[in-house]
$ cat query.pdb   # PDB, C-alpha atoms, pLDDT in the B column
ATOM      1  CA  MET A  15     -12.292 -12.147  -6.684  1.00 96.00           C
ATOM      2  CA  LEU A  16     -12.171 -10.498  -3.252  1.00 98.00           C
ATOM      3  CA  LYS A  17     -14.378 -12.346  -0.776  1.00 98.00           C
ATOM      4  CA  LEU A  18     -15.729 -10.142   1.978  1.00 97.00           C
ATOM      5  CA  GLY A  19     -18.056 -11.139   4.827  1.00 96.00           C
ATOM      6  CA  HIS A  20     -21.146  -9.104   5.724  1.00 95.00           C
ATOM      7  CA  SER A  21     -19.952  -8.276   9.231  1.00 96.00           C
ATOM      8  CA  LEU A  22     -16.684  -6.836   7.869  1.00 97.00           C
ATOM      9  CA  ILE A  23     -18.568  -4.805   5.262  1.00 97.00           C
ATOM     10  CA  GLU A  24     -20.737  -3.375   8.032  1.00 97.00           C
ATOM     11  CA  LYS A  25     -17.602  -2.398   9.972  1.00 98.00           C
ATOM     12  CA  ILE A  26     -16.071  -0.706   6.918  1.00 98.00           C
ATOM     13  CA  HIS A  27     -19.337   1.135   6.205  1.00 98.00           C
ATOM     14  CA  ALA A  28     -19.620   2.247   9.838  1.00 98.00           C
ATOM     15  CA  HIS A  29     -16.038   3.557   9.761  1.00 98.00           C
ATOM     16  CA  GLY A  30     -16.763   5.599   6.623  1.00 98.00           C
ATOM     17  CA  GLU A  31     -19.998   7.003   8.045  1.00 98.00           C
ATOM     18  CA  ARG A  32     -18.357   7.853  11.381  1.00 98.00           C
ATOM     19  CA  ASP A  33     -15.502   9.740   9.720  1.00 98.00           C
ATOM     20  CA  TYR A  34     -17.696  11.505   7.108  1.00 98.00           C
ATOM     21  CA  PRO A  35     -17.152  14.105   5.655  1.00 97.00           C
ATOM     22  CA  ASN A  36     -13.508  13.011   5.958  1.00 97.00           C
ATOM     23  CA  GLU A  37     -12.023   9.987   4.232  1.00 97.00           C
ATOM     24  CA  CYS A  38     -11.519   6.924   6.399  1.00 98.00           C
ATOM     25  CA  CYS A  39      -8.863   4.264   5.817  1.00 98.00           C
ATOM     26  CA  GLY A  40      -7.735   0.894   7.068  1.00 98.00           C
ATOM     27  CA  ALA A  41      -5.974  -2.372   6.320  1.00 98.00           C
ATOM     28  CA  LEU A  42      -7.436  -5.606   4.964  1.00 98.00           C
ATOM     29  CA  LEU A  43      -5.973  -8.767   6.464  1.00 98.00           C
ATOM     30  CA  GLY A  44      -6.651 -12.124   4.874  1.00 98.00           C
ATOM     31  CA  ARG A  45      -5.398 -14.991   2.795  1.00 97.00           C
ATOM     32  CA  GLU A  46      -5.041 -15.986  -0.817  1.00 95.00           C
ATOM     33  CA  GLU A  47      -6.783 -19.074  -2.146  1.00 95.00           C
ATOM     34  CA  GLY A  48      -5.844 -19.626  -5.763  1.00 94.00           C
ATOM     35  CA  ALA A  49      -6.902 -16.497  -7.639  1.00 91.00           C
ATOM     36  CA  ASP A  50      -9.221 -15.408  -4.799  1.00 97.00           C
ATOM     37  CA  ARG A  51      -8.512 -13.337  -1.729  1.00 98.00           C
ATOM     38  CA  ILE A  52     -10.522 -13.812   1.433  1.00 97.00           C
ATOM     39  CA  VAL A  53     -10.640 -10.933   3.908  1.00 98.00           C
ATOM     40  CA  THR A  54     -10.577 -12.242   7.479  1.00 97.00           C
ATOM     41  CA  GLY A  55      -9.933  -9.079   9.469  1.00 97.00           C
ATOM     42  CA  LEU A  56      -9.618  -5.298   9.414  1.00 98.00           C
ATOM     43  CA  MET A  57      -7.360  -2.749  11.033  1.00 98.00           C
ATOM     44  CA  PRO A  58      -8.845   0.747  10.967  1.00 98.00           C
ATOM     45  CA  PHE A  59      -6.320   3.596  10.963  1.00 98.00           C
ATOM     46  CA  ALA A  60      -6.578   7.325  11.587  1.00 96.00           C
ATOM     47  CA  ASN A  61      -6.299   9.356   8.395  1.00 95.00           C
ATOM     48  CA  GLN A  62      -2.955  11.183   8.693  1.00 94.00           C
ATOM     49  CA  ARG A  63      -3.844  13.869   6.116  1.00 92.00           C
ATOM     50  CA  GLY A  64      -4.859  16.574   8.599  1.00 89.00           C
ATOM     51  CA  ASP A  65      -4.393  19.239   5.880  1.00 90.00           C
ATOM     52  CA  SER A  66      -6.950  17.790   3.444  1.00 92.00           C
ATOM     53  CA  PRO A  67      -8.853  14.906   5.048  1.00 94.00           C
ATOM     54  CA  LYS A  68     -12.012  15.319   2.956  1.00 93.00           C
ATOM     55  CA  ASN A  69     -10.374  14.217  -0.293  1.00 94.00           C
ATOM     56  CA  ARG A  70      -7.066  12.630   0.735  1.00 95.00           C
ATOM     57  CA  PHE A  71      -5.901   9.921   3.077  1.00 96.00           C
ATOM     58  CA  SER A  72      -2.554   8.576   4.135  1.00 97.00           C
ATOM     59  CA  ILE A  73      -1.308   5.791   6.371  1.00 98.00           C
ATOM     60  CA  ALA A  74       2.178   6.157   7.848  1.00 96.00           C
ATOM     61  CA  PRO A  75       4.883   3.547   7.240  1.00 96.00           C
ATOM     62  CA  LEU A  76       4.931   2.608  10.933  1.00 95.00           C
ATOM     63  CA  ASP A  77       1.203   1.802  10.730  1.00 97.00           C
ATOM     64  CA  VAL A  78       1.829  -0.263   7.589  1.00 97.00           C
ATOM     65  CA  GLN A  79       4.536  -2.139   9.471  1.00 94.00           C
ATOM     66  CA  MET A  80       2.136  -2.631  12.395  1.00 96.00           C
ATOM     67  CA  ALA A  81      -0.475  -4.102  10.029  1.00 97.00           C
ATOM     68  CA  GLU A  82       2.178  -6.422   8.529  1.00 94.00           C
ATOM     69  CA  ASP A  83       3.187  -7.570  12.016  1.00 94.00           C
ATOM     70  CA  GLU A  84      -0.432  -8.114  13.081  1.00 97.00           C
ATOM     71  CA  ALA A  85      -1.114 -10.174   9.956  1.00 96.00           C
ATOM     72  CA  LYS A  86       1.950 -12.293  10.619  1.00 93.00           C
ATOM     73  CA  LYS A  87       0.842 -12.830  14.228  1.00 97.00           C
ATOM     74  CA  LYS A  88      -2.567 -14.010  13.018  1.00 97.00           C
ATOM     75  CA  GLY A  89      -1.037 -16.303  10.392  1.00 97.00           C
ATOM     76  CA  CYS A  90      -2.466 -14.340   7.473  1.00 96.00           C
ATOM     77  CA  ASN A  91      -1.292 -11.579   5.113  1.00 95.00           C
ATOM     78  CA  LEU A  92      -1.749  -7.871   4.692  1.00 97.00           C
ATOM     79  CA  ILE A  93      -3.629  -8.120   1.384  1.00 98.00           C
ATOM     80  CA  GLY A  94      -4.847  -4.580   0.852  1.00 98.00           C
ATOM     81  CA  TRP A  95      -6.439  -1.363   2.017  1.00 98.00           C
ATOM     82  CA  TYR A  96      -9.832   0.279   2.164  1.00 98.00           C
ATOM     83  CA  HIS A  97     -10.736   3.935   2.021  1.00 98.00           C
ATOM     84  CA  SER A  98     -13.875   6.014   1.551  1.00 98.00           C
ATOM     85  CA  HIS A  99     -14.662   8.622  -1.094  1.00 97.00           C
ATOM     86  CA  PRO A 100     -17.030  11.086   0.615  1.00 97.00           C
ATOM     87  CA  ASP A 101     -19.570  12.314  -1.954  1.00 97.00           C
ATOM     88  CA  ALA A 102     -17.478  10.871  -4.798  1.00 96.00           C
ATOM     89  CA  PRO A 103     -17.703   7.653  -6.838  1.00 96.00           C
ATOM     90  CA  ALA A 104     -16.197   4.342  -5.686  1.00 97.00           C
ATOM     91  CA  ARG A 105     -13.533   4.321  -8.367  1.00 96.00           C
ATOM     92  CA  PRO A 106      -9.847   5.264  -8.135  1.00 97.00           C
ATOM     93  CA  SER A 107      -8.914   8.866  -8.810  1.00 95.00           C
ATOM     94  CA  GLU A 108      -5.758   9.819 -10.694  1.00 94.00           C
ATOM     95  CA  PHE A 109      -4.282  10.642  -7.278  1.00 94.00           C
ATOM     96  CA  ASP A 110      -5.113   7.103  -6.108  1.00 95.00           C
ATOM     97  CA  ARG A 111      -3.352   5.621  -9.142  1.00 95.00           C
ATOM     98  CA  GLU A 112      -0.229   7.755  -8.761  1.00 94.00           C
ATOM     99  CA  HIS A 113       0.176   6.621  -5.149  1.00 95.00           C
ATOM    100  CA  ALA A 114      -0.789   2.965  -5.487  1.00 97.00           C
ATOM    101  CA  TRP A 115       1.324  -0.109  -4.945  1.00 97.00           C
ATOM    102  CA  PRO A 116       0.929  -3.153  -7.153  1.00 97.00           C
ATOM    103  CA  TRP A 117      -0.479  -6.412  -5.774  1.00 97.00           C
ATOM    104  CA  TYR A 118      -2.562  -4.884  -2.950  1.00 98.00           C
ATOM    105  CA  SER A 119      -6.368  -4.908  -3.225  1.00 98.00           C
ATOM    106  CA  TYR A 120      -7.708  -1.365  -2.910  1.00 98.00           C
ATOM    107  CA  VAL A 121     -11.315  -1.319  -1.691  1.00 98.00           C
ATOM    108  CA  ILE A 122     -12.968   2.052  -2.325  1.00 98.00           C
ATOM    109  CA  PHE A 123     -16.492   2.908  -1.226  1.00 98.00           C
ATOM    110  CA  GLN A 124     -18.670   5.939  -1.682  1.00 98.00           C
ATOM    111  CA  VAL A 125     -20.183   7.713   1.321  1.00 98.00           C
ATOM    112  CA  GLU A 126     -22.973   9.940   0.008  1.00 98.00           C
ATOM    113  CA  LYS A 127     -24.264  12.598   2.429  1.00 97.00           C
ATOM    114  CA  GLY A 128     -23.036  10.504   5.338  1.00 97.00           C
ATOM    115  CA  GLU A 129     -24.444   7.191   4.130  1.00 98.00           C
ATOM    116  CA  ALA A 130     -22.235   4.340   2.836  1.00 98.00           C
ATOM    117  CA  ARG A 131     -23.127   3.301  -0.711  1.00 97.00           C
ATOM    118  CA  GLU A 132     -21.363   1.408  -3.484  1.00 97.00           C
ATOM    119  CA  MET A 133     -18.160  -0.543  -2.706  1.00 98.00           C
ATOM    120  CA  ARG A 134     -15.692  -1.722  -5.360  1.00 98.00           C
ATOM    121  CA  SER A 135     -12.206  -3.237  -5.321  1.00 98.00           C
ATOM    122  CA  TRP A 136      -9.284  -2.409  -7.608  1.00 98.00           C
ATOM    123  CA  ARG A 137      -5.742  -3.541  -8.306  1.00 97.00           C
ATOM    124  CA  LEU A 138      -3.011  -1.527 -10.003  1.00 97.00           C
ATOM    125  CA  ASN A 139      -1.614  -3.182 -13.115  1.00 94.00           C
ATOM    126  CA  GLU A 140       2.111  -3.900 -13.282  1.00 90.00           C
ATOM    127  CA  ASP A 141       3.061  -0.998 -15.561  1.00 91.00           C
ATOM    128  CA  ARG A 142       1.223   1.467 -13.242  1.00 95.00           C
ATOM    129  CA  THR A 143      -0.899   2.873 -16.091  1.00 94.00           C
ATOM    130  CA  ARG A 144      -4.330   1.816 -14.860  1.00 94.00           C
ATOM    131  CA  TYR A 145      -6.354  -0.122 -12.322  1.00 95.00           C
ATOM    132  CA  ALA A 146      -8.217  -3.329 -13.056  1.00 96.00           C
ATOM    133  CA  GLU A 147     -11.430  -3.909 -11.168  1.00 97.00           C
ATOM    134  CA  GLU A 148     -11.428  -6.954  -8.919  1.00 97.00           C
ATOM    135  CA  GLY A 149     -14.899  -8.353  -8.289  1.00 97.00           C
ATOM    136  CA  ILE A 150     -16.206  -8.441  -4.720  1.00 97.00           C
ATOM    137  CA  GLU A 151     -18.062 -11.554  -3.627  1.00 97.00           C
ATOM    138  CA  TYR A 152     -20.157 -11.085  -0.528  1.00 94.00           C
ATOM    139  CA  ILE A 153     -19.981 -14.070   1.784  1.00 93.00           C
ATOM    140  CA  ALA A 154     -21.696 -14.940   5.063  1.00 88.00           C
ATOM    141  CA  SER A 155     -18.436 -14.904   7.036  1.00 74.00           C
ATOM    142  CA  ALA A 156     -14.754 -15.666   6.587  1.00 62.00           C
TER     143      ALA A 156
ATOM    144  CA  MET B  21      29.820  -4.102   1.860  1.00 92.00           C
ATOM    145  CA  ALA B  22      27.538  -7.104   2.011  1.00 97.00           C
ATOM    146  CA  VAL B  23      24.072  -5.785   2.936  1.00 98.00           C
ATOM    147  CA  LYS B  24      20.521  -7.072   2.929  1.00 98.00           C
ATOM    148  CA  VAL B  25      17.500  -5.349   1.360  1.00 98.00           C
ATOM    149  CA  VAL B  26      14.100  -6.304   2.798  1.00 97.00           C
ATOM    150  CA  ILE B  27      11.387  -6.309   0.103  1.00 97.00           C
ATOM    151  CA  PRO B  28       7.781  -5.410   1.050  1.00 95.00           C
ATOM    152  CA  THR B  29       5.024  -7.898   0.158  1.00 94.00           C
ATOM    153  CA  PRO B  30       3.598  -5.959  -2.842  1.00 96.00           C
ATOM    154  CA  LEU B  31       6.997  -5.955  -4.573  1.00 97.00           C
ATOM    155  CA  ARG B  32       7.970  -9.581  -3.974  1.00 96.00           C
ATOM    156  CA  GLN B  33       6.349 -10.618  -7.250  1.00 95.00           C
ATOM    157  CA  PHE B  34       9.258  -8.796  -8.934  1.00 96.00           C
ATOM    158  CA  THR B  35      12.015 -10.447  -6.839  1.00 97.00           C
ATOM    159  CA  ALA B  36      11.127 -14.081  -7.502  1.00 96.00           C
ATOM    160  CA  LYS B  37       9.083 -14.034  -4.241  1.00 95.00           C
ATOM    161  CA  GLN B  38      12.178 -13.380  -2.125  1.00 97.00           C
ATOM    162  CA  GLU B  39      11.542 -11.533   1.141  1.00 95.00           C
ATOM    163  CA  SER B  40      15.063 -10.122   1.096  1.00 97.00           C
ATOM    164  CA  VAL B  41      17.917  -9.751  -1.344  1.00 98.00           C
ATOM    165  CA  ASP B  42      21.620  -9.850  -0.407  1.00 98.00           C
ATOM    166  CA  LEU B  43      23.931  -7.599  -2.373  1.00 98.00           C
ATOM    167  CA  GLU B  44      27.139  -5.532  -2.270  1.00 98.00           C
ATOM    168  CA  ALA B  45      26.932  -1.742  -1.985  1.00 98.00           C
ATOM    169  CA  LYS B  46      28.700   1.234  -0.347  1.00 98.00           C
ATOM    170  CA  THR B  47      25.652   3.549  -0.213  1.00 98.00           C
ATOM    171  CA  VAL B  48      21.857   3.232  -0.129  1.00 98.00           C
ATOM    172  CA  GLY B  49      21.691   4.619  -3.682  1.00 97.00           C
ATOM    173  CA  GLU B  50      24.127   1.959  -4.883  1.00 98.00           C
ATOM    174  CA  ALA B  51      22.138  -0.774  -3.149  1.00 98.00           C
ATOM    175  CA  LEU B  52      18.853   0.349  -4.744  1.00 98.00           C
ATOM    176  CA  ASN B  53      20.563   0.648  -8.126  1.00 97.00           C
ATOM    177  CA  SER B  54      21.978  -2.817  -7.839  1.00 98.00           C
ATOM    178  CA  LEU B  55      18.567  -4.139  -6.751  1.00 98.00           C
ATOM    179  CA  THR B  56      16.731  -2.515  -9.667  1.00 98.00           C
ATOM    180  CA  SER B  57      19.414  -3.655 -12.134  1.00 97.00           C
ATOM    181  CA  ARG B  58      18.881  -7.206 -10.984  1.00 97.00           C
ATOM    182  CA  TYR B  59      15.078  -6.875 -10.925  1.00 98.00           C
ATOM    183  CA  ALA B  60      14.313  -4.233 -13.563  1.00 97.00           C
ATOM    184  CA  ASP B  61      10.521  -4.301 -13.082  1.00 95.00           C
ATOM    185  CA  LEU B  62      10.963  -2.889  -9.569  1.00 96.00           C
ATOM    186  CA  ARG B  63      12.316   0.433 -10.831  1.00 96.00           C
ATOM    187  CA  LYS B  64       9.033   2.039 -11.907  1.00 96.00           C
ATOM    188  CA  HIS B  65       7.439   1.241  -8.553  1.00 97.00           C
ATOM    189  CA  LEU B  66      10.302   2.744  -6.530  1.00 98.00           C
ATOM    190  CA  TYR B  67      11.247   5.713  -8.728  1.00 97.00           C
ATOM    191  CA  SER B  68       9.156   8.320 -10.512  1.00 94.00           C
ATOM    192  CA  GLU B  69       9.883   9.235 -14.140  1.00 91.00           C
ATOM    193  CA  ASP B  70      12.266  12.010 -13.050  1.00 94.00           C
ATOM    194  CA  GLY B  71      14.415   9.438 -11.253  1.00 93.00           C
ATOM    195  CA  ARG B  72      13.465  10.363  -7.684  1.00 95.00           C
ATOM    196  CA  LEU B  73      12.305   7.906  -5.065  1.00 96.00           C
ATOM    197  CA  ARG B  74       8.507   8.036  -4.988  1.00 97.00           C
ATOM    198  CA  SER B  75       7.044   9.924  -2.012  1.00 95.00           C
ATOM    199  CA  PHE B  76       5.286   6.826  -0.641  1.00 96.00           C
ATOM    200  CA  VAL B  77       8.456   4.695  -0.745  1.00 98.00           C
ATOM    201  CA  ASN B  78      10.219   4.814   2.623  1.00 98.00           C
ATOM    202  CA  VAL B  79      13.739   3.483   3.008  1.00 98.00           C
ATOM    203  CA  TYR B  80      15.307   2.646   6.354  1.00 98.00           C
ATOM    204  CA  VAL B  81      18.830   1.606   7.256  1.00 98.00           C
ATOM    205  CA  ASN B  82      18.632  -0.463  10.419  1.00 97.00           C
ATOM    206  CA  ASP B  83      15.322   1.235  11.363  1.00 91.00           C
ATOM    207  CA  GLU B  84      16.578   4.790  10.646  1.00 96.00           C
ATOM    208  CA  ASP B  85      14.708   6.689   7.907  1.00 97.00           C
ATOM    209  CA  ILE B  86      17.257   7.741   5.247  1.00 98.00           C
ATOM    210  CA  ARG B  87      15.484  11.150   4.994  1.00 97.00           C
ATOM    211  CA  PHE B  88      17.071  11.899   8.382  1.00 97.00           C
ATOM    212  CA  LEU B  89      20.456  10.519   7.319  1.00 97.00           C
ATOM    213  CA  GLN B  90      22.101  11.414   3.999  1.00 96.00           C
ATOM    214  CA  LYS B  91      19.198  10.103   1.897  1.00 97.00           C
ATOM    215  CA  GLU B  92      20.468   7.957  -0.977  1.00 97.00           C
ATOM    216  CA  LYS B  93      24.063   9.003  -0.224  1.00 97.00           C
ATOM    217  CA  THR B  94      23.807   7.334   3.204  1.00 98.00           C
ATOM    218  CA  ALA B  95      26.905   5.171   3.675  1.00 98.00           C
ATOM    219  CA  LEU B  96      26.477   1.501   4.491  1.00 98.00           C
ATOM    220  CA  THR B  97      28.520  -0.762   6.707  1.00 98.00           C
ATOM    221  CA  GLN B  98      28.958  -4.505   6.514  1.00 98.00           C
ATOM    222  CA  GLY B  99      25.799  -6.357   7.542  1.00 98.00           C
ATOM    223  CA  ASP B 100      23.405  -3.381   7.360  1.00 98.00           C
ATOM    224  CA  THR B 101      19.738  -4.081   6.686  1.00 98.00           C
ATOM    225  CA  ILE B 102      17.920  -1.760   4.294  1.00 98.00           C
ATOM    226  CA  SER B 103      14.122  -1.952   4.552  1.00 97.00           C
ATOM    227  CA  ILE B 104      11.713  -0.660   1.921  1.00 97.00           C
ATOM    228  CA  VAL B 105       8.460   0.139   3.736  1.00 97.00           C
ATOM    229  CA  PRO B 106       5.321   1.420   1.985  1.00 97.00           C
ATOM    230  CA  SER B 107       3.201   4.279   3.118  1.00 97.00           C
ATOM    231  CA  ILE B 108      -0.327   4.233   1.727  1.00 98.00           C
ATOM    232  CA  ALA B 109      -1.979   7.272   0.212  1.00 96.00           C
ATOM    233  CA  GLY B 110      -4.816   8.236  -2.059  1.00 95.00           C
ATOM    234  CA  GLY B 111      -8.148   9.946  -2.028  1.00 94.00           C
ATOM    235  CA  ALA B 112     -11.005  11.167  -4.159  1.00 93.00           C
ATOM    236  CA  GLY B 113      -8.679  13.944  -5.255  1.00 73.00           C
ATOM    237  CA  ARG B 114     -10.995  16.754  -6.293  1.00 57.00           C
TER     238      ARG B 114
END

$ encode --input "query.pdb" --output "structure tokens"
Amino acid sequence: MLKLGHSLIEKIHAHGERDYPNECCGALLGREEGADRIVTGLMPFANQRGDSPKNRFSIAPLDVQMAEDEAKKKGCNLIGWYHSHPDAPARPSEFDREHAWPWYSYVIFQVEKGEAREMRSWRLNEDRTRYAEEGIEYIASA
Amino acid sequence: MAVKVVIPTPLRQFTAKQESVDLEAKTVGEALNSLTSRYADLRKHLYSEDGRLRSFVNVYVNDEDIRFLQKEKTALTQGDTISIVPSIAGGAGR
């Protein structure tokens, strides 16, 4: 289960609505507690896919390293990533699966006509063939 | 050459939770081969089915991207640190 506070959800939604009709993206910082993951902070990033930002996103390795360093500084972990699907469902595309890393939580949310809608979280299975959905539990705050 | 390979968080589940692995290798390719021989489950996450490093897998030797060196043929010297750093990509993909 991925536990996500309301204020962080609002920030993710706002990022997706601000960047619409392009995809937005960012890092999820947090901690693991048993089988659960608790998101405690976000790091929004600029989508590097200038050629096709409406249906693709990418985050450069230096930004990934920066997110790792920030997590370490805050005493937590880089546990995953969020990105928006403008006018498309909140489930991973084949392109998402081909480019995914194991272990990370991938939060995907739909932005329909500029308005944030459904949000779901996914994790790639170990043989890379499919994603498993990870439930999101909405909490007051982390 | 004795070198160190730094493993990114999402792949540590395949290296017995180790943050880095020490091994002997003369080139980056040899080091990655040795790593994936020792931890076979890593291979499919680093390499595509045609045997090439996946596009979102970035490899650095002492902070220098191997794409700007001799890629997997990049020679190593004693004590080098090889870092595997993810880039993140995806999208609705229509």

$ interface_residues --input "query.pdb" --of "chain A" --to "chain B" --cutoff "7 Å" --atoms "only C-alpha atoms" --output "list in words"
Asn69, Arg70, Phe71, Ser72, Ile73, Ala74, Pro75, Val78, His99, Ala102, Ser107, Phe109, Asp110, His113, Trp115, Pro116, Trp117 and Tyr118 of chain A

$ atom_distance --input "query.pdb" --atom1 "CA of Arg32 (chain A)" --atom2 "CA of Arg63 (chain A)"
16.6 Å

$ residues_around --input "query.pdb" --residues "region 54-57 of chain A" --least-positions-apart "3" --cutoff "6 Å" --atoms "all atoms listed in the file" --output "PyMOL selection string"
chain A and resi 40-44+156

$ atom_distance --input "query.pdb" --atom1 "CA of Ile150 (chain A)" --atom2 "CA of Asn36 (chain A)"
24.1 Å

$ resolve_selection --input "query.pdb" --expression "the PyMOL selection byres ((chain A and resi 22-24) around 12)" --output "tab-separated table (two decimals) with C-alpha atoms, in the coordinates of the input"
chain	number	residue	atom	x	y	z
A	17	LYS	CA	-14.38	-12.35	-0.78
A	18	LEU	CA	-15.73	-10.14	1.98
A	19	GLY	CA	-18.06	-11.14	4.83
A	20	HIS	CA	-21.15	-9.10	5.72
A	21	SER	CA	-19.95	-8.28	9.23
A	25	LYS	CA	-17.60	-2.40	9.97
A	26	ILE	CA	-16.07	-0.71	6.92
A	27	HIS	CA	-19.34	1.14	6.20
A	28	ALA	CA	-19.62	2.25	9.84
A	29	HIS	CA	-16.04	3.56	9.76
A	30	GLY	CA	-16.76	5.60	6.62
A	31	GLU	CA	-20.00	7.00	8.04
A	32	ARG	CA	-18.36	7.85	11.38
A	40	GLY	CA	-7.74	0.89	7.07
A	41	ALA	CA	-5.97	-2.37	6.32
A	42	LEU	CA	-7.44	-5.61	4.96
A	43	LEU	CA	-5.97	-8.77	6.46
A	44	GLY	CA	-6.65	-12.12	4.87
A	52	ILE	CA	-10.52	-13.81	1.43
A	53	VAL	CA	-10.64	-10.93	3.91
A	54	THR	CA	-10.58	-12.24	7.48
A	55	GLY	CA	-9.93	-9.08	9.47
A	56	LEU	CA	-9.62	-5.30	9.41
A	57	MET	CA	-7.36	-2.75	11.03
A	58	PRO	CA	-8.85	0.75	10.97
A	96	TYR	CA	-9.83	0.28	2.16
A	121	VAL	CA	-11.32	-1.32	-1.69
A	122	ILE	CA	-12.97	2.05	-2.33
A	123	PHE	CA	-16.49	2.91	-1.23
A	129	GLU	CA	-24.44	7.19	4.13
A	130	ALA	CA	-22.24	4.34	2.84
A	131	ARG	CA	-23.13	3.30	-0.71
A	132	GLU	CA	-21.36	1.41	-3.48
A	133	MET	CA	-18.16	-0.54	-2.71
A	134	ARG	CA	-15.69	-1.72	-5.36
A	150	ILE	CA	-16.21	-8.44	-4.72
A	151	GLU	CA	-18.06	-11.55	-3.63
A	152	TYR	CA	-20.16	-11.08	-0.53
A	153	ILE	CA	-19.98	-14.07	1.78
A	154	ALA	CA	-21.70	-14.94	5.06
A	155	SER	CA	-18.44	-14.90	7.04
A	156	ALA	CA	-14.75	-15.67	6.59

$ residues_around --input "query.pdb" --residues "Ile102 (chain B)" --least-positions-apart "5" --cutoff "7 Å" --atoms "all atoms listed in the file" --output "PyMOL selection string"
chain B and resi 24-26+79-82

$ atom_distance --input "query.pdb" --atom1 "CA of Pro106 (chain A)" --atom2 "CA of Asp83 (chain A)"
27.2 Å

$ decode --input "query.pdb" --residues "region 34-75 of chain B" --atoms "C-alpha atoms" --output "mmCIF file, in the first residue's frame"
data_model
loop_
_atom_site.group_PDB
_atom_site.id
_atom_site.type_symbol
_atom_site.label_atom_id
_atom_site.label_comp_id
_atom_site.auth_asym_id
_atom_site.auth_seq_id
_atom_site.Cartn_x
_atom_site.Cartn_y
_atom_site.Cartn_z
ATOM 1 C CA PHE B 34 19.071 -8.434 -6.772
ATOM 2 C CA THR B 35 22.486 -7.870 -5.118
ATOM 3 C CA ALA B 36 21.626 -9.084 -1.622
ATOM 4 C CA LYS B 37 20.893 -5.426 -0.680
ATOM 5 C CA GLN B 38 24.500 -4.379 -1.297
ATOM 6 C CA GLU B 39 24.977 -0.736 -2.291
ATOM 7 C CA SER B 40 28.160 -1.605 -4.163
ATOM 8 C CA VAL B 41 29.920 -4.685 -5.449
ATOM 9 C CA ASP B 42 33.711 -5.101 -5.678
ATOM 10 C CA LEU B 43 35.029 -7.098 -8.601
ATOM 11 C CA GLU B 44 37.936 -7.563 -11.031
ATOM 12 C CA ALA B 45 37.631 -6.286 -14.603
ATOM 13 C CA LYS B 46 39.698 -4.646 -17.379
ATOM 14 C CA THR B 47 36.776 -2.922 -19.156
ATOM 15 C CA VAL B 48 33.290 -1.651 -18.294
ATOM 16 C CA GLY B 49 31.779 -4.475 -20.373
ATOM 17 C CA GLU B 50 33.766 -7.050 -18.404
ATOM 18 C CA ALA B 51 32.692 -5.492 -15.109
ATOM 19 C CA LEU B 52 28.996 -5.557 -16.071
ATOM 20 C CA ASN B 53 29.354 -9.127 -17.327
ATOM 21 C CA SER B 54 30.972 -10.209 -14.117
ATOM 22 C CA LEU B 55 28.262 -8.408 -12.124
ATOM 23 C CA THR B 56 25.411 -10.033 -14.057
ATOM 24 C CA SER B 57 27.087 -13.459 -13.865
ATOM 25 C CA ARG B 58 27.205 -13.125 -10.111
ATOM 26 C CA TYR B 59 23.666 -11.713 -9.880
ATOM 27 C CA ALA B 60 21.854 -13.190 -12.890
ATOM 28 C CA ASP B 61 18.500 -11.499 -12.184
ATOM 29 C CA LEU B 62 20.095 -8.102 -12.858
ATOM 30 C CA ARG B 63 20.713 -8.870 -16.531
ATOM 31 C CA LYS B 64 17.178 -8.344 -17.849
ATOM 32 C CA HIS B 65 16.945 -4.963 -16.133
ATOM 33 C CA LEU B 66 20.253 -3.710 -17.558
ATOM 34 C CA TYR B 67 20.175 -5.280 -21.032
ATOM 35 C CA SER B 68 17.438 -5.545 -23.637
ATOM 36 C CA GLU B 69 16.758 -8.854 -25.403
ATOM 37 C CA ASP B 70 19.212 -7.969 -28.188
ATOM 38 C CA GLY B 71 22.006 -7.703 -25.622
ATOM 39 C CA ARG B 72 22.352 -3.911 -25.617
ATOM 40 C CA LEU B 73 22.354 -1.759 -22.516
ATOM 41 C CA ARG B 74 18.836 -0.382 -22.088
ATOM 42 C CA SER B 75 18.437 3.285 -23.068
#
